[in-house]
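What follows is the content of coords.cif, which has mmCIF, C-alpha atoms:
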data_work
loop_
_atom_site.label_atom_id
_atom_site.label_comp_id
_atom_site.auth_asym_id
_atom_site.auth_seq_id
_atom_site.Cartn_x
_atom_site.Cartn_y
_atom_site.Cartn_z
CA MET A 1 -35.51 197.66 238.38
CA ILE A 2 -34.82 199.47 235.11
CA LYS A 3 -34.63 202.79 236.92
CA THR A 4 -32.19 201.33 239.46
CA PHE A 5 -30.03 199.99 236.63
CA LEU A 6 -30.00 203.40 234.95
CA ASN A 7 -29.17 205.17 238.22
CA ARG A 8 -26.43 202.79 239.29
CA ASN A 9 -24.85 201.96 235.96
CA LEU A 10 -25.71 204.05 232.95
CA LEU A 11 -26.38 207.58 234.21
CA LEU A 12 -24.38 207.55 237.44
CA GLY A 13 -21.07 207.18 235.63
CA SER A 14 -17.96 205.26 236.59
CA LYS A 15 -16.49 207.79 239.05
CA ILE A 16 -17.84 208.96 242.43
CA GLN A 17 -16.49 211.85 244.51
CA SER A 18 -16.46 211.56 248.29
CA VAL A 19 -15.59 214.48 250.58
CA GLN A 20 -15.01 214.24 254.35
CA ILE A 21 -15.61 217.51 256.19
CA HIS A 22 -14.03 217.72 259.65
CA LEU A 23 -15.47 220.58 261.74
CA GLU A 24 -13.33 221.95 264.53
CA ALA A 25 -13.98 225.40 266.03
CA ASP A 26 -13.62 227.93 263.18
CA GLN A 27 -11.44 225.67 261.03
CA LYS A 28 -12.54 223.01 258.59
CA GLU A 29 -10.62 220.27 256.85
CA TYR A 30 -11.83 218.95 253.46
CA ARG A 31 -10.51 215.57 252.40
CA LEU A 32 -11.41 214.32 248.89
CA LEU A 33 -11.27 210.84 247.38
CA GLU A 34 -12.30 210.19 243.79
CA ILE A 35 -13.15 206.52 243.31
CA LYS A 36 -13.59 204.70 240.03
CA ARG A 37 -15.77 201.62 239.93
CA SER A 38 -15.35 198.80 237.42
CA LYS A 39 -17.84 195.99 237.95
CA ASN A 40 -17.30 195.22 241.66
CA ASN A 41 -13.80 196.70 241.88
CA LEU A 42 -13.12 200.15 243.36
CA GLU A 43 -9.99 202.15 242.52
CA ILE A 44 -8.89 205.46 244.05
CA THR A 45 -8.02 207.81 241.19
CA ASP A 46 -7.51 211.08 243.11
CA ARG A 47 -6.67 212.22 246.64
CA TYR A 48 -6.76 215.79 247.91
CA VAL A 49 -6.83 217.58 251.25
CA THR A 50 -7.26 221.31 251.99
CA ASN A 51 -8.58 223.73 254.59
CA GLU A 52 -10.19 225.96 251.95
CA VAL A 53 -13.59 225.07 250.53
CA GLU A 54 -12.73 226.85 247.27
CA GLY A 55 -9.81 224.50 246.79
CA VAL A 56 -11.95 221.37 247.03
CA ILE A 57 -14.72 222.89 244.86
CA ASP A 58 -12.18 223.62 242.14
CA ARG A 59 -11.15 219.96 242.33
CA LEU A 60 -14.71 218.63 242.03
CA SER A 61 -16.70 218.00 238.86
CA GLY A 62 -20.40 218.78 238.41
CA ASN A 63 -20.76 215.73 236.14
CA LYS A 64 -19.93 213.25 238.91
CA PRO A 65 -22.03 212.47 242.01
CA LEU A 66 -20.74 213.77 245.34
CA LEU A 67 -21.03 212.09 248.75
CA ILE A 68 -20.33 214.06 251.95
CA SER A 69 -19.21 212.82 255.37
CA ILE A 70 -19.48 215.31 258.22
CA ILE A 71 -17.62 214.67 261.48
CA GLY A 72 -16.22 216.72 264.34
CA GLN A 73 -17.73 219.61 266.25
CA GLY A 74 -21.51 219.83 265.99
CA VAL A 75 -21.97 216.09 265.49
CA LEU A 76 -23.14 214.07 268.52
CA SER A 77 -22.62 210.29 268.52
CA LYS A 78 -24.19 207.96 271.11
CA LYS A 79 -24.79 204.30 271.83
CA VAL A 80 -28.30 203.65 273.12
CA GLU A 81 -30.49 200.65 273.73
CA ASN A 82 -32.57 199.56 270.77
CA GLU A 83 -35.95 200.52 272.14
CA GLY A 84 -38.72 202.95 271.29
CA ASN A 85 -38.40 206.70 271.86
CA TYR A 86 -34.61 206.56 272.15
CA GLN A 87 -34.29 209.81 270.19
CA SER A 88 -35.89 211.85 272.95
CA LYS A 89 -33.43 210.36 275.44
CA ILE A 90 -30.55 211.72 273.36
CA LEU A 91 -31.99 215.20 272.73
CA PHE A 92 -34.00 215.67 275.94
CA ASN A 93 -36.37 218.57 275.26
CA ALA A 94 -35.24 219.33 271.65
CA ASP A 95 -37.44 218.59 268.62
CA PRO A 96 -36.07 215.51 266.75
CA ASP A 97 -37.30 217.01 263.45
CA ASP A 98 -34.72 219.77 263.78
CA PHE A 99 -31.93 217.21 263.44
CA TYR A 100 -30.53 214.79 260.89
CA TRP A 101 -30.08 211.22 262.18
CA TYR A 102 -27.58 208.59 261.05
CA GLU A 103 -28.11 205.24 262.79
CA PHE A 104 -26.39 201.86 262.80
CA ARG A 105 -28.62 199.20 264.35
CA GLU A 106 -27.46 196.09 266.19
CA GLN A 107 -29.84 193.60 267.73
CA ASP A 108 -29.74 195.17 271.20
CA ASP A 109 -28.15 198.56 270.59
CA VAL A 110 -28.38 201.49 268.23
CA TYR A 111 -25.35 203.64 267.38
CA VAL A 112 -26.61 207.11 266.56
CA SER A 113 -24.98 210.22 265.12
CA VAL A 114 -27.07 213.40 265.10
CA ALA A 115 -26.51 217.00 263.97
CA ARG A 116 -28.67 220.04 263.52
CA LYS A 117 -30.19 220.37 260.08
CA GLU A 118 -29.08 223.97 259.71
CA LEU A 119 -25.45 222.90 260.21
CA ILE A 120 -25.63 220.12 257.61
CA ASP A 121 -27.74 222.14 255.15
CA LYS A 122 -25.22 224.98 255.32
CA GLU A 123 -22.39 222.67 254.27
CA ILE A 124 -24.45 221.06 251.51
CA SER A 125 -25.60 224.45 250.16
CA ILE A 126 -21.98 225.49 249.57
CA PHE A 127 -21.58 222.69 247.01
CA GLU A 128 -25.03 223.14 245.51
CA GLU A 129 -24.30 226.83 244.85
CA ALA A 130 -21.22 225.65 242.94
CA LYS A 131 -23.50 223.46 240.74
CA ILE A 132 -22.17 220.23 242.27
CA SER A 133 -24.82 217.59 242.96
CA VAL A 134 -24.70 216.16 246.48
CA PHE A 135 -26.15 212.67 246.27
CA ASP A 136 -25.97 211.62 249.90
CA PHE A 137 -24.36 212.50 253.21
CA SER A 138 -23.40 210.75 256.41
CA ILE A 139 -22.96 212.03 259.93
CA GLY A 140 -20.44 210.69 262.40
CA PRO A 141 -18.20 207.64 262.24
CA PHE A 142 -20.67 204.78 261.89
CA GLY A 143 -20.40 204.65 258.10
CA LEU A 144 -17.14 202.74 258.77
CA THR A 145 -19.25 199.64 259.40
CA ALA A 146 -19.62 199.28 255.61
CA ILE A 147 -15.89 198.44 255.40
CA LYS A 148 -15.75 195.87 258.19
CA PRO A 149 -16.59 192.86 255.92
CA LEU A 150 -13.54 193.71 253.80
CA VAL A 151 -10.93 193.80 256.57
CA GLU A 152 -9.95 191.44 259.41
CA ASN A 153 -9.19 194.18 261.93
CA THR A 154 -11.21 194.17 265.15
CA MET A 155 -10.76 197.93 265.46
CA LEU A 156 -11.35 200.54 262.77
CA CYS A 157 -10.12 204.11 263.19
CA SER A 158 -11.29 207.27 261.48
CA LYS A 159 -9.90 210.76 261.96
CA ASP A 160 -11.70 211.32 265.26
CA SER A 161 -13.19 207.96 266.32
CA ARG A 162 -12.41 204.31 266.99
CA LEU A 163 -14.88 201.49 266.45
CA GLU A 164 -14.34 198.09 268.07
CA PHE A 165 -15.84 194.87 266.70
CA GLN A 166 -16.35 191.37 267.97
CA ASN A 167 -17.43 188.63 265.58
CA ASP A 168 -18.15 191.37 263.00
CA ASN A 169 -20.53 193.07 265.45
CA LEU A 170 -19.92 196.62 266.66
CA ILE A 171 -19.57 196.48 270.43
CA THR A 172 -18.33 199.99 271.29
CA PHE A 173 -16.84 203.20 269.97
CA SER A 174 -14.72 205.98 271.42
CA LYS A 175 -12.92 209.18 270.52
CA ASN A 176 -9.56 208.88 268.77
CA LYS A 177 -7.89 211.16 271.28
CA GLU A 178 -4.38 209.94 270.47
CA ASN A 179 -4.92 210.82 266.77
CA LEU A 180 -3.94 207.25 265.95
CA ILE A 181 -3.38 206.78 262.21
CA GLU A 182 -3.58 203.29 260.70
CA GLU A 183 -3.33 201.88 257.18
CA TYR A 184 -5.86 199.43 255.79
CA ALA A 185 -5.41 197.16 252.78
CA ILE A 186 -8.62 196.87 250.82
CA GLY A 187 -8.10 195.00 247.59
CA ASP A 188 -5.18 196.69 245.81
CA GLU A 189 -5.64 199.95 247.70
CA GLN A 190 -3.86 201.19 250.82
CA ILE A 191 -6.20 203.54 252.69
CA SER A 192 -5.32 205.68 255.69
CA SER A 193 -7.64 205.99 258.68
CA VAL A 194 -7.90 209.76 258.13
CA GLU A 195 -9.61 209.17 254.75
CA ILE A 196 -11.24 205.78 255.21
CA LEU A 197 -14.64 207.31 255.94
CA CYS A 198 -14.71 208.68 252.36
CA PHE A 199 -14.17 205.17 251.01
CA ALA A 200 -16.75 203.69 253.42
CA ASN A 201 -19.38 206.19 252.25
CA VAL A 202 -18.90 205.10 248.62
CA LEU A 203 -19.29 201.44 249.63
CA GLN A 204 -22.46 202.20 251.59
CA PHE A 205 -23.85 204.21 248.65
CA LEU A 206 -23.13 201.52 246.05
CA PHE A 207 -23.95 198.52 248.24
CA PRO A 208 -26.33 199.81 250.94
CA GLY A 209 -26.61 197.66 254.07
CA ASP A 210 -29.83 197.12 255.98
CA ALA A 211 -28.23 197.93 259.34
CA ILE A 212 -27.74 201.62 258.52
CA ASP A 213 -30.75 203.92 258.66
CA ALA A 214 -30.40 207.51 257.41
CA ASP A 215 -32.53 210.30 255.98
CA THR A 216 -31.88 209.47 252.31
CA GLN A 217 -34.95 211.36 251.03
CA THR A 218 -33.49 214.76 251.88
CA LEU A 219 -31.37 214.82 248.74
CA ALA A 220 -33.74 212.84 246.52
CA VAL A 221 -34.44 215.97 244.45
CA ASN A 222 -30.71 216.40 243.83
CA ARG A 223 -30.39 212.81 242.70
CA GLU A 224 -33.38 213.07 240.38
CA GLU A 225 -32.15 216.36 238.94
CA PHE A 226 -28.68 214.91 238.37
CA MET A 227 -30.10 211.84 236.62
CA TYR A 228 -32.39 213.88 234.41
CA LYS A 229 -29.51 216.19 233.56
CA LYS A 230 -27.27 213.24 232.66
CA ALA A 231 -30.09 211.65 230.66
CA PHE A 232 -30.73 214.91 228.84
CA ASN A 233 -27.03 215.36 228.09
CA ALA A 234 -26.72 211.75 226.94
CA LEU A 235 -29.80 212.08 224.76
CA GLY A 236 -28.50 215.39 223.42
CA ALA A 237 -25.10 213.85 222.67
CA CYS A 238 -26.73 210.87 220.93
CA THR A 239 -29.03 213.18 218.96
CA LEU A 240 -26.13 215.42 218.01
CA GLY A 241 -24.02 212.39 217.07
CA PHE A 242 -26.88 210.99 214.99
CA PHE A 243 -27.35 214.38 213.33
CA LEU A 244 -23.63 214.72 212.57
CA LEU A 245 -23.49 211.13 211.30
CA SER A 246 -26.54 211.75 209.12
CA LEU A 247 -24.95 214.97 207.88
CA LEU A 248 -21.71 213.13 207.08
CA VAL A 249 -23.56 210.34 205.27
CA SER A 250 -25.64 212.91 203.38
CA TYR A 251 -22.48 214.81 202.43
CA MET A 252 -20.80 211.62 201.23
CA LEU A 253 -23.90 210.58 199.26
CA LEU A 254 -24.18 214.09 197.82
CA GLY A 255 -20.55 213.96 196.72
CA HIS A 256 -21.08 210.50 195.21
CA TYR A 257 -24.19 211.55 193.30
CA GLN A 258 -22.56 214.80 192.18
CA LYS A 259 -19.65 212.83 190.74
CA ALA A 260 -22.06 210.39 189.08
CA HIS A 261 -24.12 213.32 187.75
CA HIS A 262 -21.00 215.03 186.41
CA LYS A 263 -19.87 211.80 184.76
CA LEU A 264 -23.29 211.36 183.13
CA GLN A 265 -23.23 214.99 182.00
CA VAL A 266 -19.82 214.47 180.37
CA GLU A 267 -21.00 211.27 178.68
CA LEU A 268 -24.21 212.99 177.55
CA GLY A 269 -22.17 215.89 176.18
CA GLN A 270 -19.93 213.49 174.29
CA GLN A 271 -22.96 211.65 172.92
CA ASN A 272 -24.57 214.95 171.91
CA VAL A 273 -21.39 215.95 170.06
CA ALA A 274 -21.24 212.54 168.37
CA TYR A 275 -24.94 212.77 167.52
CA SER A 276 -24.49 216.26 166.07
CA LYS A 277 -21.61 215.02 163.93
CA LEU A 278 -23.68 212.04 162.86
CA VAL A 279 -26.59 214.29 161.90
CA SER A 280 -24.20 216.58 160.00
CA LEU A 281 -22.69 213.62 158.16
CA GLU A 282 -26.15 212.27 157.35
CA LYS A 283 -27.17 215.63 155.91
CA ASP A 284 -23.92 215.85 153.97
CA LYS A 285 -24.50 212.36 152.62
CA GLU A 286 -28.05 213.22 151.62
CA ASN A 287 -26.85 216.39 149.91
CA LYS A 288 -24.18 214.56 147.96
CA GLU A 289 -26.57 211.80 147.00
CA ALA A 290 -29.03 214.45 145.82
CA ILE A 291 -26.28 216.15 143.81
CA LEU A 292 -25.25 212.87 142.21
CA LYS A 293 -28.85 211.96 141.52
CA GLN A 294 -29.49 215.39 140.01
CA SER A 295 -26.38 215.22 137.82
CA GLY A 296 -27.03 211.65 136.73
CA LEU A 297 -23.50 210.65 137.59
CA SER A 298 -24.69 208.10 140.08
CA ASP A 299 -25.98 205.91 137.27
CA SER A 300 -23.36 203.21 136.96
CA ASN A 301 -24.59 202.16 133.52
CA PHE A 302 -24.23 205.73 132.26
CA LEU A 303 -20.59 206.08 133.39
CA SER A 304 -19.52 202.57 132.46
CA PHE A 305 -20.71 203.14 128.88
CA TYR A 306 -18.09 205.80 128.25
CA ILE A 307 -15.38 203.94 130.13
CA ALA A 308 -16.03 200.73 128.20
CA ALA A 309 -16.24 202.55 124.85
CA ILE A 310 -12.91 204.35 125.40
CA THR A 311 -10.97 201.32 126.62
CA LYS A 312 -12.51 198.81 124.15
CA GLU A 313 -10.42 199.81 121.11
CA ILE A 314 -7.31 201.01 122.94
CA PRO A 315 -4.07 199.78 121.28
CA SER A 316 -1.45 197.88 123.28
CA GLU A 317 1.05 200.69 122.69
CA VAL A 318 -1.11 203.09 124.69
CA ASN A 319 -0.89 203.06 128.49
CA LEU A 320 -3.65 205.01 130.29
CA GLN A 321 -2.79 206.77 133.53
CA LEU A 322 -5.91 208.89 134.10
CA LEU A 323 -9.48 208.67 132.88
CA ASN A 324 -11.52 211.51 134.31
CA VAL A 325 -15.14 211.31 133.23
CA PHE A 326 -16.97 214.61 133.76
CA PRO A 327 -14.28 216.52 135.64
CA THR A 328 -15.29 219.12 138.24
CA THR A 329 -15.20 222.83 137.42
CA SER A 330 -13.34 223.68 140.66
CA LYS A 331 -11.85 222.19 143.79
CA ILE A 332 -14.42 220.36 145.94
CA LYS A 333 -15.25 222.26 149.17
CA PRO A 334 -17.38 221.13 152.12
CA GLU A 335 -21.03 222.20 152.24
CA GLN A 336 -20.88 223.47 148.64
CA LYS A 337 -22.51 222.08 145.52
CA ILE A 338 -20.15 220.20 143.20
CA GLU A 339 -20.23 221.45 139.61
CA PHE A 340 -19.25 218.98 136.80
CA ILE A 341 -18.37 219.54 133.15
CA ASN A 342 -20.97 217.14 131.87
CA ASN A 343 -19.75 216.99 128.23
CA GLN A 344 -16.03 216.34 128.73
CA ILE A 345 -13.78 213.38 129.38
CA GLN A 346 -10.11 213.92 130.16
CA ILE A 347 -7.54 211.19 129.37
CA GLU A 348 -3.86 211.09 130.35
CA GLY A 349 -1.24 208.43 129.56
CA THR A 350 1.82 207.40 127.56
CA VAL A 351 2.30 205.86 124.08
CA THR A 352 5.29 204.20 122.45
CA SER A 353 4.09 204.46 118.84
CA ASN A 354 2.93 207.65 117.17
CA THR A 355 1.15 205.59 114.52
CA ALA A 356 -0.81 203.65 117.11
CA PHE A 357 -1.67 206.91 118.88
CA ALA A 358 -2.93 208.51 115.67
CA SER A 359 -4.97 205.43 114.84
CA TRP A 360 -6.54 205.45 118.32
CA ILE A 361 -7.42 209.14 118.06
CA LYS A 362 -9.05 208.47 114.70
CA LYS A 363 -11.16 205.70 116.18
CA LEU A 364 -12.25 207.96 119.09
CA LYS A 365 -13.34 210.67 116.66
CA ALA A 366 -15.38 208.10 114.80
CA GLN A 367 -17.47 207.34 117.84
CA PRO A 368 -21.02 208.63 117.35
CA TRP A 369 -21.10 210.22 120.83
CA VAL A 370 -17.81 212.14 120.35
CA ASN A 371 -18.10 215.67 118.95
CA ASN A 372 -14.39 216.45 118.97
CA VAL A 373 -11.03 215.24 120.28
CA GLU A 374 -8.56 217.86 121.46
CA ILE A 375 -4.90 217.04 122.08
CA ILE A 376 -4.00 219.24 125.04
CA ASP A 377 -0.43 218.04 125.45
CA PHE A 378 1.95 215.68 123.66
CA GLN A 379 5.59 215.44 124.79
CA ARG A 380 8.52 213.18 124.10
CA GLU A 381 10.04 211.47 127.15
CA ASN A 382 12.89 209.10 126.37
CA ARG A 383 11.37 206.39 124.16
CA THR A 384 7.76 207.15 125.10
CA ASN A 385 5.43 210.08 124.61
CA SER A 386 3.14 211.44 127.28
CA PHE A 387 -0.17 212.88 126.26
CA VAL A 388 -3.23 214.67 127.56
CA ILE A 389 -6.38 214.64 125.43
CA LYS A 390 -9.90 215.91 125.98
CA LEU A 391 -13.03 214.42 124.48
CA ILE A 392 -15.93 216.79 123.77
CA LEU A 393 -19.20 214.86 123.82
CA LYS A 394 -22.05 215.58 121.49
CA PHE A 395 -24.68 215.52 124.25
CA ASP A 396 -24.75 217.55 127.41
CA VAL A 397 -25.67 214.90 129.87
#
Turn the structure described in the file into structure tokens.
Amino acid sequence: MIKTFLNRNLLLGSKIQSVQIHLEADQKEYRLLEIKRSKNNLEITDRYVTNEVEGVIDRLSGNKPLLISIIGQGVLSKKVENEGNYQSKILFNADPDDFYWYEFREQDDVYVSVARKELIDKEISIFEEAKISVFDFSIGPFGLTAIKPLVENTMLCSKDSRLEFQNDNLITFSKNKENLIEEYAIGDEQISSVEILCFANVLQFLFPGDAIDADTQTLAVNREEFMYKKAFNALGACTLGFFLLSLLVSYMLLGHYQKAHHKLQVELGQQNVAYSKLVSLEKDKENKEAILKQSGLSDSNFLSFYIAAITKEIPSEVNLQLLNVFPTTSKIKPEQKIEFINNQIQIEGTVTSNTAFASWIKKLKAQPWVNNVEIIDFQRENRTNSFVIKLILKFDV
């Protein structure tokens, strides 16, 4: 059941090619119908007729199954009684195994079409050499019986035969000597009698009837090979699609992770730079703290002693603008040791009374920790005097 489903639905495809070959003396006519099936609906998608086999081969596709109908010269059709050994009555002394048989059975009669195998095999081999898979073939006009349930006509014509029906039963057939051409409406399609056998073959292939008996095993190898080829191609396409999809997903993931990696690298670089700066600042802080500790200037009690002693006795007439305790010997530069003048204090300011200034200087000199007071600058500015003095301490701290 699964195999039948695969053959009829999945691997077979939606389009079937049907070629009618009419043999007449040294001339052949090839009539092609391409039929598309959708559920139970059949639609003719291509029509073509030619007398050159190359023309029809160029029109055919190796990826679609091909059905062949062979009629005309070389095909013998008979109506015989449905009884045993009727084949020998048709062929007389010929070997039945040398012929292909296509039979439509009624209760009392059998309608038989027969042709030599070498004739049929020759026609099939032409398509096989062109890498076109022949799925099945029919001989003679009796494949038309597959269409009878779809039309109300009591007579069906093909290119070279006429079949007459009564109560849907085939009662007789004859040659279409007048070349009568009729049109048949089947669903939405209008089909001519010269091509109707192509359509009938597709119906018989898709919906085989029990009344028709034919040698279907002859082309079984072709059908199996076609199915395996289609399965292999489908599997290959799925595998290739899966591989390409996996490759695309991998490429997208790779791009995503590369962007994430680059972002992390940038953040890590920024953190490394910040960490390096932090380490440098920590070292600089430690160095400065060591310098201050070594110089003793970090002792708040030590510095506040001099500041308090200087400002304690300062007169109201004196206005201090700068009090530089232990000035540096040079401009402070990064990563270099700071050198202080540990026995000097520099004072700048203004005074409104020379007497008060002199009295203050005298008091500073009297301090036990002051060795000397030097007046560096003393200038008159309007009603005030600006001054710069330097205290020389007795102890080199």
Write out as a list in words each polymer residue whose atoms come within 10 Å of A:Asn354, counting only C-alpha atoms; drop sequence neighbours fewer than 5 positions from it.
->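 In the requested form, the answer reads Glu317, Val318, Ser359, Trp360, Thr384 and Asn385 of chain A.
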I need the residues from that last selection saved to file as a tab-separated table (two decimals), keeping the file's coordinate frame (with C-alpha atoms), if you can.
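To be explicit, this is the file written out as result.tsv:
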chain	number	residue	atom	x	y	z
A	317	GLU	CA	1.05	200.69	122.69
A	318	VAL	CA	-1.11	203.09	124.69
A	359	SER	CA	-4.97	205.43	114.84
A	360	TRP	CA	-6.54	205.45	118.32
A	384	THR	CA	7.76	207.15	125.10
A	385	ASN	CA	5.43	210.08	124.61
Neighbours of A:Lys363 within 10 Å (only C-alpha atoms; same-chain residues fewer than 4 positions away dropped), as a PyMOL selection string?
-> chain A and resi 310+313-314+357-359+367
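In this structure, atom CA of A:Thr352 sits 23.4 Å away from atom CA of A:Asn372.
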A:Leu268, A:Pro334, A:His262, A:Leu247: which is nearest A:Lys288, counting only C-alpha atoms?
->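 Once distances to A:Lys288 are computed over only C-alpha atoms, the minimum belongs to A:Pro334.
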For the structure provided, state which residues fall under the PyMOL selection byres ((chain A and resi 64-73) around 6), and present them as number ranges by chain.
-> A: 16-24, 61-63, 74-75, 133-140
Interatomic distance, atom CA of A:Phe387 to atom CA of A:Val351 (Å, one decimal) =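 Computed distance, atom CA of A:Phe387 to atom CA of A:Val351, equals 7.8 Å.
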Repair of stretch 328-339 of chain A at the level of N, CA and C atoms, as a JSON list (two decimals), in the frame of the given file:
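Now in selection09.json:
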[["chain", "number", "residue", "atom", "x", "y", "z"],
["A", 328, "THR", "N", -14.64, 218.02, 137.53],
["A", 328, "THR", "CA", -15.29, 219.12, 138.24],
["A", 328, "THR", "C", -14.76, 220.45, 137.72],
["A", 329, "THR", "N", -15.59, 221.49, 137.88],
["A", 329, "THR", "CA", -15.20, 222.83, 137.42],
["A", 329, "THR", "C", -14.23, 223.50, 138.37],
["A", 330, "SER", "N", -14.23, 223.08, 139.66],
["A", 330, "SER", "CA", -13.34, 223.68, 140.66],
["A", 330, "SER", "C", -13.06, 222.67, 141.76],
["A", 331, "LYS", "N", -12.20, 223.07, 142.68],
["A", 331, "LYS", "CA", -11.85, 222.19, 143.79],
["A", 331, "LYS", "C", -13.07, 221.96, 144.68],
["A", 332, "ILE", "N", -13.26, 220.70, 145.10],
["A", 332, "ILE", "CA", -14.42, 220.36, 145.94],
["A", 332, "ILE", "C", -14.22, 220.94, 147.33],
["A", 333, "LYS", "N", -15.27, 221.66, 147.83],
["A", 333, "LYS", "CA", -15.25, 222.26, 149.17],
["A", 333, "LYS", "C", -16.45, 221.76, 149.97],
["A", 334, "PRO", "N", -16.27, 221.62, 151.29],
["A", 334, "PRO", "CA", -17.38, 221.13, 152.12],
["A", 334, "PRO", "C", -18.57, 222.08, 152.07],
["A", 335, "GLU", "N", -19.76, 221.47, 152.17],
["A", 335, "GLU", "CA", -21.03, 222.20, 152.24],
["A", 335, "GLU", "C", -21.29, 223.04, 150.99],
["A", 336, "GLN", "N", -20.63, 222.75, 149.89],
["A", 336, "GLN", "CA", -20.88, 223.47, 148.64],
["A", 336, "GLN", "C", -21.24, 222.48, 147.52],
["A", 337, "LYS", "N", -22.08, 222.92, 146.63],
["A", 337, "LYS", "CA", -22.51, 222.08, 145.52],
["A", 337, "LYS", "C", -21.35, 221.83, 144.56],
["A", 338, "ILE", "N", -21.23, 220.58, 144.11],
["A", 338, "ILE", "CA", -20.15, 220.20, 143.20],
["A", 338, "ILE", "C", -20.64, 220.41, 141.76],
["A", 339, "GLU", "N", -19.90, 221.19, 141.01],
["A", 339, "GLU", "CA", -20.23, 221.45, 139.61],
["A", 339, "GLU", "C", -19.35, 220.59, 138.70]]
